[in-house]
Amino acid sequence: MRNSRGLAVTAAAVAALGLAAPAAVARDGMGVNPSNIVALPSVIARGGQLTITVDGCPAGGTATSDAFPSTPLTPINGANRTAKGTATVSPNARPGSHSITVNCNGRTLTNPTAFTVIGGVRGGLGGSSSSGATPTDMAIGGGLVAAALIGGGVFWMRRRAERQV
């Protein structure tokens, strides 16, 4: 009885493997099935360089996005069917999440939220865009000078009155 159970389990396992094998061969027939699109860094400023890696792309291909022009992907030596490329994010890319679409030998894959572009900071002038003092700045400065003069005058008058007593 024990042998028949073991034989039945073995037969069921062989049958399941036999049915799954043609599907695996059909999917991997050409060795091209892009998967796992990774963009590093995942958060980048406009004008920065982005490294894209894709598994299942042994002959290379292209990567496209609305944030950068079409970028070639080249196979990585020693890595099993992985391709890599470097893209430069456009200086006028909109801030927010962006997708990457990869094409390897006619097969495409899209990662809808591959990376995020952050807005740049206006540098060099401390974020300022005006040159010189504005009327508001002048009014505040004038008010502070007037308050200092009045406070100094009051202090001087009180000290003078103390000496006369």
# chains A, B, ... in the order shown; residues from 1 in each chain; ligands from 1
$ residues_around --residues "segment 41-49 of chain A" --least-positions-apart "6" --cutoff "9 Å" --atoms "only C-alpha atoms" --output "list in words"
Ala67, Thr86, Ala87, Thr88, Val89, Ser90, Pro91, Asn92, Ala93, Arg94, Pro95, Ser97, Ala114, Phe115, Thr116, Val117, Ile118, Gly119 and Gly120 of chain A
$ residues_around --residues "Thr82 of chain A" --least-positions-apart "6" --cutoff "9 Å" --atoms "only C-alpha atoms" --output "PDB file with all heavy atoms, in the first residue's frame"
ATOM      1  N   PRO A  34      11.210  41.179 -21.143  1.00  0.00           N
ATOM      2  CA  PRO A  34      11.669  42.196 -20.201  1.00  0.00           C
ATOM      3  C   PRO A  34      10.859  42.189 -18.903  1.00  0.00           C
ATOM      4  O   PRO A  34       9.649  42.001 -18.927  1.00  0.00           O
ATOM      5  CB  PRO A  34      11.492  43.508 -20.962  1.00  0.00           C
ATOM      6  CG  PRO A  34      10.566  43.214 -22.075  1.00  0.00           C
ATOM      7  CD  PRO A  34      10.682  41.761 -22.366  1.00  0.00           C
ATOM      8  N   THR A  53      18.058  49.806 -15.294  1.00  0.00           N
ATOM      9  CA  THR A  53      18.419  48.400 -15.520  1.00  0.00           C
ATOM     10  C   THR A  53      17.148  47.608 -15.775  1.00  0.00           C
ATOM     11  O   THR A  53      16.101  47.885 -15.171  1.00  0.00           O
ATOM     12  CB  THR A  53      19.183  47.795 -14.328  1.00  0.00           C
ATOM     13  OG1 THR A  53      18.390  47.928 -13.155  1.00  0.00           O
ATOM     14  CG2 THR A  53      20.512  48.453 -14.127  1.00  0.00           C
ATOM     15  N   VAL A  54      17.261  46.638 -16.675  1.00  0.00           N
ATOM     16  CA  VAL A  54      16.119  45.810 -17.050  1.00  0.00           C
ATOM     17  C   VAL A  54      16.577  44.361 -17.112  1.00  0.00           C
ATOM     18  O   VAL A  54      17.582  44.048 -17.746  1.00  0.00           O
ATOM     19  CB  VAL A  54      15.560  46.229 -18.428  1.00  0.00           C
ATOM     20  CG1 VAL A  54      14.349  45.400 -18.791  1.00  0.00           C
ATOM     21  CG2 VAL A  54      15.232  47.691 -18.453  1.00  0.00           C
ATOM     22  N   ASP A  55      15.843  43.478 -16.459  1.00  0.00           N
ATOM     23  CA  ASP A  55      16.116  42.047 -16.542  1.00  0.00           C
ATOM     24  C   ASP A  55      15.394  41.474 -17.762  1.00  0.00           C
ATOM     25  O   ASP A  55      14.377  42.008 -18.203  1.00  0.00           O
ATOM     26  CB  ASP A  55      15.633  41.333 -15.278  1.00  0.00           C
ATOM     27  CG  ASP A  55      16.422  41.737 -14.046  1.00  0.00           C
ATOM     28  OD1 ASP A  55      17.563  42.186 -14.206  1.00  0.00           O
ATOM     29  OD2 ASP A  55      15.889  41.600 -12.933  1.00  0.00           O
ATOM     30  N   GLY A  56      15.906  40.391 -18.310  1.00  0.00           N
ATOM     31  CA  GLY A  56      15.269  39.722 -19.424  1.00  0.00           C
ATOM     32  C   GLY A  56      15.417  40.460 -20.746  1.00  0.00           C
ATOM     33  O   GLY A  56      14.543  40.387 -21.600  1.00  0.00           O
ATOM     34  N   CYS A  57      16.516  41.150 -20.927  1.00  0.00           N
ATOM     35  CA  CYS A  57      16.770  41.917 -22.152  1.00  0.00           C
ATOM     36  C   CYS A  57      18.212  41.645 -22.594  1.00  0.00           C
ATOM     37  O   CYS A  57      19.062  42.535 -22.558  1.00  0.00           O
ATOM     38  CB  CYS A  57      16.530  43.403 -21.862  1.00  0.00           C
ATOM     39  SG  CYS A  57      16.350  44.443 -23.286  1.00  0.00           S
ATOM     40  N   PRO A  58      18.518  40.398 -23.029  1.00  0.00           N
ATOM     41  CA  PRO A  58      19.906  40.007 -23.263  1.00  0.00           C
ATOM     42  C   PRO A  58      20.585  40.711 -24.439  1.00  0.00           C
ATOM     43  O   PRO A  58      21.796  40.843 -24.451  1.00  0.00           O
ATOM     44  CB  PRO A  58      19.813  38.503 -23.522  1.00  0.00           C
ATOM     45  CG  PRO A  58      18.438  38.299 -24.038  1.00  0.00           C
ATOM     46  CD  PRO A  58      17.583  39.309 -23.330  1.00  0.00           C
ATOM     47  N   ALA A  59      19.821  41.184 -25.410  1.00  0.00           N
ATOM     48  CA  ALA A  59      20.429  41.838 -26.573  1.00  0.00           C
ATOM     49  C   ALA A  59      20.355  43.353 -26.492  1.00  0.00           C
ATOM     50  O   ALA A  59      20.726  44.046 -27.424  1.00  0.00           O
ATOM     51  CB  ALA A  59      19.745  41.356 -27.848  1.00  0.00           C
ATOM     52  N   GLY A  60      19.866  43.891 -25.383  1.00  0.00           N
ATOM     53  CA  GLY A  60      19.706  45.335 -25.256  1.00  0.00           C
ATOM     54  C   GLY A  60      18.396  45.794 -25.861  1.00  0.00           C
ATOM     55  O   GLY A  60      17.583  44.998 -26.308  1.00  0.00           O
ATOM     56  N   THR A  74      22.195  48.656 -23.144  1.00  0.00           N
ATOM     57  CA  THR A  74      23.212  47.718 -23.611  1.00  0.00           C
ATOM     58  C   THR A  74      23.334  46.563 -22.624  1.00  0.00           C
ATOM     59  O   THR A  74      23.168  46.752 -21.417  1.00  0.00           O
ATOM     60  CB  THR A  74      24.589  48.412 -23.752  1.00  0.00           C
ATOM     61  OG1 THR A  74      24.932  49.001 -22.505  1.00  0.00           O
ATOM     62  CG2 THR A  74      24.542  49.487 -24.811  1.00  0.00           C
ATOM     63  N   PRO A  75      23.640  45.363 -23.121  1.00  0.00           N
ATOM     64  CA  PRO A  75      23.778  44.207 -22.229  1.00  0.00           C
ATOM     65  C   PRO A  75      24.944  44.403 -21.253  1.00  0.00           C
ATOM     66  O   PRO A  75      25.962  44.985 -21.606  1.00  0.00           O
ATOM     67  CB  PRO A  75      24.062  43.043 -23.168  1.00  0.00           C
ATOM     68  CG  PRO A  75      23.689  43.512 -24.527  1.00  0.00           C
ATOM     69  CD  PRO A  75      23.806  44.993 -24.522  1.00  0.00           C
ATOM     70  N   ILE A  76      24.770  43.902 -20.052  1.00  0.00           N
ATOM     71  CA  ILE A  76      25.823  43.954 -19.036  1.00  0.00           C
ATOM     72  C   ILE A  76      26.598  42.645 -19.111  1.00  0.00           C
ATOM     73  O   ILE A  76      26.007  41.566 -18.998  1.00  0.00           O
ATOM     74  CB  ILE A  76      25.242  44.132 -17.619  1.00  0.00           C
ATOM     75  CG1 ILE A  76      24.456  45.434 -17.527  1.00  0.00           C
ATOM     76  CG2 ILE A  76      26.343  44.095 -16.583  1.00  0.00           C
ATOM     77  CD1 ILE A  76      23.729  45.606 -16.199  1.00  0.00           C
TER      78      ILE A  76
END
$ atom_distance --atom1 "atom CA of Asn33 of chain A" --atom2 "atom CA of Cys104 of chain A"
7.7 Å
$ atom_distance --atom1 "atom CA of Thr64 of chain A" --atom2 "atom CA of Ala39 of chain A"
12.0 Å
$ select_by_dssp --residues "segment 37-162 of chain A" --states "alpha helix (DSSP H)" --output "PyMOL selection string"
chain A and resi 135-162
$ atom_distance --atom1 "atom CA of Thr101 of chain A" --atom2 "atom CA of Leu73 of chain A"
11.8 Å
